[in-house]
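Some notes on the structure that comes next.
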Amino acid sequence: MNPVLDQTWRDARGFFGTLAAIDHKTIGKRYLVTAFGFFVAAGILAALMRLQLARPENTLIGPDLYNQLFTTHGTAMMFLFAVPVMQGMAIYLVPLMVGARSIAFPRMNAFAYWIYLFGGLFLFIALLLDIGPDAGWFSYVPLAGPQYTPGKRADVWAQMITFTELSGLIAAIVVIATVFKLRAPGMTLARLPLFVWAMLVTAFMILFAMPAVMLASTALILDRLVSTHFYNPAEGGDALLWQHLFWFFGHPEVYFIFIPGLAFMSSIIPTFSRRPIYGYPAIVLSLTSTAFLSFGLWVHHMFATHIPELGKSFFTAASMMIAIPTAIQIFCWLATMWSGRLDLRTPMLFSLAFFFILVLGGLTGIMVASVPLDLQLHDTYFVVAHLHYVLIGGAVFPLFGAWYYWFPKLTGRLMSERLGRWQFWLFFIGFNVAFYPMHHLGLQGMPRRVYTYADDMGWGPLNLLSTLGAVMIAASVLLFIVNAARSRRGGMLAAENPWGAGTLEWATASPPPAYNFERPPVVRARDPLWEPIGEPPAEPAQVVGLAERTREALVTTVLDAMPSHRLVFPQPSIWPFVSAVMLTALFIGSIFTPWAVVWGAVPVAIAVTLWFWPKRGETLEHLALEKRP
Amino acid sequence: MNHRSLDVSALPSYKFGHASLMWWGLMGLIAIEGTAFALSVAMYFYLWSQASQWPLAAAAPDLRWGTLNLLVLLASIYPNHWTKRVSEHGNEPAMRLGLVISALFGIVLIAVRALEFTTLNCRWDTDAYGSIVWLLLGLHTTHLVTDVYDTIVLAALFFAPGPLEGRRRVDVSENSLYWYFVVWSWLPIYAVIYLLPRLTS
């Protein structure tokens, strides 16, 4: 521990200090904990739905509440858990993996977190007030339009989008700028860890996908609030416009949940196979081509509409093509494991489950990508099964693995391996028991989003089985919470690199100090910690010459990570928090009156200006260090 | 272990253009907003493709104010470009002047924009055509207002007493860059709002 650097880079303590914190590790942990909280909350909603469906003609939950439950469950899982949890991982880990002292734009990063938190609370508070959205997580018009959903329920959904997408977009810029400009000297793009590649690709996808849903939901709010007619066919609008805009975002969204899952896989598998990853260039190319392809698939969510048949064929072909880059990565991982020395610890178990579950989800994906079959299965439980196999297999299993894997880095302690194995098997078996029967229910014609079903449909036994699986999943998540809570206090102490991994986040203490690295590293290989020990190399191994009493960090060039200049990073500030509160008032006000946008903008502008305005003392301090280019 | 070290103490404290961190942040912003503009234009064409005639029930917007705005916007490139150049050369008095002129251009543009809204020949709640025209113009106006406000704040900063870091000049340079985006994005939107309905009717 370097006390001078610690003093320079540490967030202030106390209540005020907490609100002003900007350390990417603090913000990253907040993202992870918050997202996990929303995961549990949305999971409880799912458990309630499963209880309702456990037997035919059950009366536990009525149709109105049931609509709110499935809408909030889907919305929260997608927008408040799956995307932000991945961004939280990136925010915590990317600066460490690229050997940086800080994340780019740390105050913006803190601001994005607050916006995300407030947006998420807004959704759940609305649910508790009985104005939870009830038109499904994709909020189709005309159902969500002014005619069929009077009141504020659809507005809550649409404005929640504004919150989460704004936050997601900012986080994406932050990650891109960090990866491009703050890498350790020598970490050329060809030496970028695959985890960072995947997060970079994800961030770019977010830039081009999220504006679509923000635009769509803004137009929906306008239709509902000031009587525009974007989605009103009676006045020249069109309901399918919503579906196009939503899925132009919605399909890439699946991939920016899934690609971080691949990032975890590509970190965990080499470590527990004790060898560098096989086929690094092929994996990078697969990640980028998956990102490009994902923007050309959206119409496959719309096969049951009146779009032209030729268009459907095109999108079927495009959907099948996604199997190619995915398969390439799977074979690269298999080759890595085949030629490595396997160590089956808990993170690895979760990664192996990916192969089983995601492949099943992928196979049903190929089934529903074909138009005739999709017409039969559309809106049935088959689709529910498919999407849970893909999303939980592709993202949540690797995510649990990632949690076990990086927990020692975050806390300095290892999680219990015994409880981890129990949790894994409960989750793996529970997941399959809960979701596998849904394939059959869908084939038997059970529609999704029904709050109950008649006894003589014969769906009772499989639904009961599925509910039992849900109970096992709940037990598994509970076990995970117990494990995390116990290990945090009493787990086995972890050294810098408990797994013997090769990337830079393991080169610093666990948990890392506020300044990340006492001497920022210079990188000479793709797996810097696995460099062969031999002759001391001629090139330097660390960076010196950065100020210690000011938050100075090194900026490097985009492609080759050559040192470019020394940049002073901002101090913690309360203004991102205040700005987020002001903007929240504007957002919530504007679902009631359009004037909130005008008057609400005034305090936002003031707060943002004060945020930007430099402090005299800091300016003098920075001027003392300044060297003109 | 006796590692050799890379001494970076001689490096400068800031750089302009794509070497700076701020440039990449700005490019991210432009990518996002460019996507939003492109998708709004796509919405326009989509709604048009669903209509039997276009505009649905109105005359095309009057050319006067929109075209004036186009000309003033194009003219505003020069003071912004000049401000960007002097900011990079470190000529602070010239930069202050440039910021003031750029801000004045912006205020004129907002005033013309207000008049523009009055001659669209449609309301947002008449039909889908009106809605998308107001959305396009509103979206561009948001960018106009934000960047003019940004320019005013920067001007205030450089007129305020007290020392300033050299890297604040990078902010000025990037602010001009963002202004280019506001100008260039107006060209397709102008064409969509004002010219397309005339070409077809």
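Labels for the structure tokens follow display order: chains A, B, ..., residues from 1 in each chain, ligands from 1.
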Contacts from chain A to chain B, 6 Å maximum, only C-alpha atoms: show me the residue list as a short mmCIF file (atom, residue, chain, number, x, y, z; two decimals) with N, CA and C atoms, in the first residue's frame.
data_model
loop_
_atom_site.label_atom_id
_atom_site.label_comp_id
_atom_site.auth_asym_id
_atom_site.auth_seq_id
_atom_site.Cartn_x
_atom_site.Cartn_y
_atom_site.Cartn_z
N ILE A 173 -19.82 4.56 -23.74
CA ILE A 173 -18.79 5.54 -24.14
C ILE A 173 -17.60 5.44 -23.19
N ALA A 177 -13.83 4.60 -24.49
CA ALA A 177 -12.73 5.55 -24.30
C ALA A 177 -11.62 4.93 -23.44
N LEU A 207 -23.97 1.50 -28.56
CA LEU A 207 -24.03 2.83 -29.18
C LEU A 207 -25.04 2.88 -30.32
N PRO A 211 -30.13 3.75 -29.17
CA PRO A 211 -30.91 4.90 -29.63
C PRO A 211 -32.26 4.49 -30.24
N SER A 227 -50.61 13.52 -27.98
CA SER A 227 -51.45 13.10 -29.11
C SER A 227 -50.75 13.15 -30.45
N THR A 228 -49.47 12.80 -30.52
CA THR A 228 -48.90 12.54 -31.84
C THR A 228 -49.48 11.22 -32.34
N HIS A 229 -49.15 10.87 -33.61
CA HIS A 229 -49.81 9.70 -34.20
C HIS A 229 -48.82 8.71 -34.80
N PHE A 230 -47.64 8.58 -34.20
CA PHE A 230 -46.63 7.70 -34.78
C PHE A 230 -47.17 6.27 -34.95
N GLU A 235 -54.55 7.75 -38.22
CA GLU A 235 -54.04 9.05 -38.68
C GLU A 235 -52.71 8.91 -39.41
N GLY A 236 -52.53 7.80 -40.11
CA GLY A 236 -51.33 7.64 -40.93
C GLY A 236 -50.15 7.02 -40.21
N GLY A 237 -50.31 6.70 -38.92
CA GLY A 237 -49.23 6.03 -38.19
C GLY A 237 -49.26 4.54 -38.46
N PRO A 540 11.22 -2.00 -20.85
CA PRO A 540 10.81 -1.69 -19.48
C PRO A 540 9.59 -2.50 -19.07
N ALA A 541 9.40 -2.65 -17.75
CA ALA A 541 8.29 -3.44 -17.24
C ALA A 541 7.25 -2.59 -16.53
N GLN A 542 7.57 -1.32 -16.27
CA GLN A 542 6.63 -0.50 -15.52
C GLN A 542 6.80 0.96 -15.88
N VAL A 543 5.74 1.74 -15.55
CA VAL A 543 5.74 3.15 -15.87
C VAL A 543 6.13 3.95 -14.63
N VAL A 544 7.04 4.90 -14.77
CA VAL A 544 7.31 5.84 -13.67
C VAL A 544 7.19 7.25 -14.22
N GLY A 545 7.16 8.22 -13.31
CA GLY A 545 7.15 9.61 -13.73
C GLY A 545 5.78 10.25 -13.70
N HIS A 565 0.26 11.17 -23.64
CA HIS A 565 0.38 12.29 -22.70
C HIS A 565 -0.09 11.86 -21.32
N ARG A 566 0.17 12.77 -20.35
CA ARG A 566 -0.26 12.52 -18.97
C ARG A 566 -1.50 13.34 -18.73
N LEU A 567 -2.58 12.73 -18.32
CA LEU A 567 -3.83 13.47 -18.14
C LEU A 567 -4.19 13.48 -16.65
N LEU A 623 -1.87 23.30 -12.91
CA LEU A 623 -1.00 24.17 -13.70
C LEU A 623 0.46 23.96 -13.32
N GLU A 626 1.68 21.27 -15.39
CA GLU A 626 1.34 21.29 -16.81
C GLU A 626 2.57 21.42 -17.71
N LYS A 627 2.57 20.62 -18.75
CA LYS A 627 3.56 20.76 -19.83
C LYS A 627 2.79 20.91 -21.13
N ARG A 628 3.08 21.97 -21.86
CA ARG A 628 2.36 22.19 -23.12
C ARG A 628 2.81 21.20 -24.18
N PRO A 629 1.93 20.84 -25.08
CA PRO A 629 2.34 19.90 -26.12
C PRO A 629 3.29 20.56 -27.13
#
Can you tell me, as a PyMOL selection string, what residues are no more than 8 Å from region 126-130 of chain A when counting only C-alpha atoms, ignoring any on the same chain fewer than 2 positions away?
chain A and resi 68+72+122-124+132-133+156
Within 12 Å of Asn58 (chain A), counting only C-alpha atoms, which residues qualify if same-chain residues fewer than 6 places away don't, as number ranges by chain?
A: 48-52, 66, 450-455, 460, 463-464
Could you please determine the separation between CA of Thr508 (chain A) and CA of Arg341 (chain A) in Å, to one decimal place?
25.5 Å
As a short mmCIF file (atom, residue, chain, number, x, y, z; two decimals) with N, CA and C atoms, in the first residue's frame, please: the residues near Phe248 (chain A) (cut-off 9 Å, only C-alpha atoms, same-chain neighbours under 4 positions excluded).
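Output contents, as saved in part.cif:
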data_model
loop_
_atom_site.label_atom_id
_atom_site.label_comp_id
_atom_site.auth_asym_id
_atom_site.auth_seq_id
_atom_site.Cartn_x
_atom_site.Cartn_y
_atom_site.Cartn_z
N ALA A 209 -27.47 0.48 -31.03
CA ALA A 209 -28.76 -0.18 -30.83
C ALA A 209 -29.67 0.59 -29.89
N MET A 210 -29.11 1.08 -28.78
CA MET A 210 -29.99 1.69 -27.78
C MET A 210 -30.73 2.94 -28.27
N ALA A 212 -32.32 3.29 -30.85
CA ALA A 212 -33.57 2.87 -31.48
C ALA A 212 -34.69 2.75 -30.45
N VAL A 213 -34.40 2.14 -29.33
CA VAL A 213 -35.48 1.93 -28.35
C VAL A 213 -35.80 3.24 -27.62
N GLN A 243 -42.64 -2.28 -33.77
CA GLN A 243 -41.92 -3.55 -33.74
C GLN A 243 -40.57 -3.44 -34.43
N HIS A 244 -40.53 -2.71 -35.56
CA HIS A 244 -39.25 -2.54 -36.25
C HIS A 244 -38.25 -1.83 -35.35
N PRO A 252 -30.09 -6.93 -31.16
CA PRO A 252 -28.73 -6.70 -30.64
C PRO A 252 -28.67 -6.79 -29.11
N GLU A 253 -29.75 -6.41 -28.44
CA GLU A 253 -29.70 -6.47 -26.98
C GLU A 253 -29.40 -7.88 -26.49
N PHE A 295 -27.29 -7.03 -36.00
CA PHE A 295 -28.12 -5.91 -36.45
C PHE A 295 -28.96 -6.28 -37.67
N GLY A 296 -28.76 -7.47 -38.20
CA GLY A 296 -29.52 -7.86 -39.38
C GLY A 296 -30.50 -8.99 -39.11
N LEU A 297 -30.93 -9.11 -37.87
CA LEU A 297 -31.78 -10.26 -37.52
C LEU A 297 -33.15 -9.86 -37.00
N TRP A 298 -33.38 -8.54 -36.83
CA TRP A 298 -34.50 -8.17 -35.99
C TRP A 298 -35.85 -8.65 -36.48
N VAL A 299 -35.97 -8.82 -37.81
CA VAL A 299 -37.30 -9.17 -38.33
C VAL A 299 -37.70 -10.59 -37.92
#
Determine which residues of region 64-247 of chain A DSSP labels as alpha helix (DSSP H) from the backbone of this structure, then write them out as a count of residues only.
120
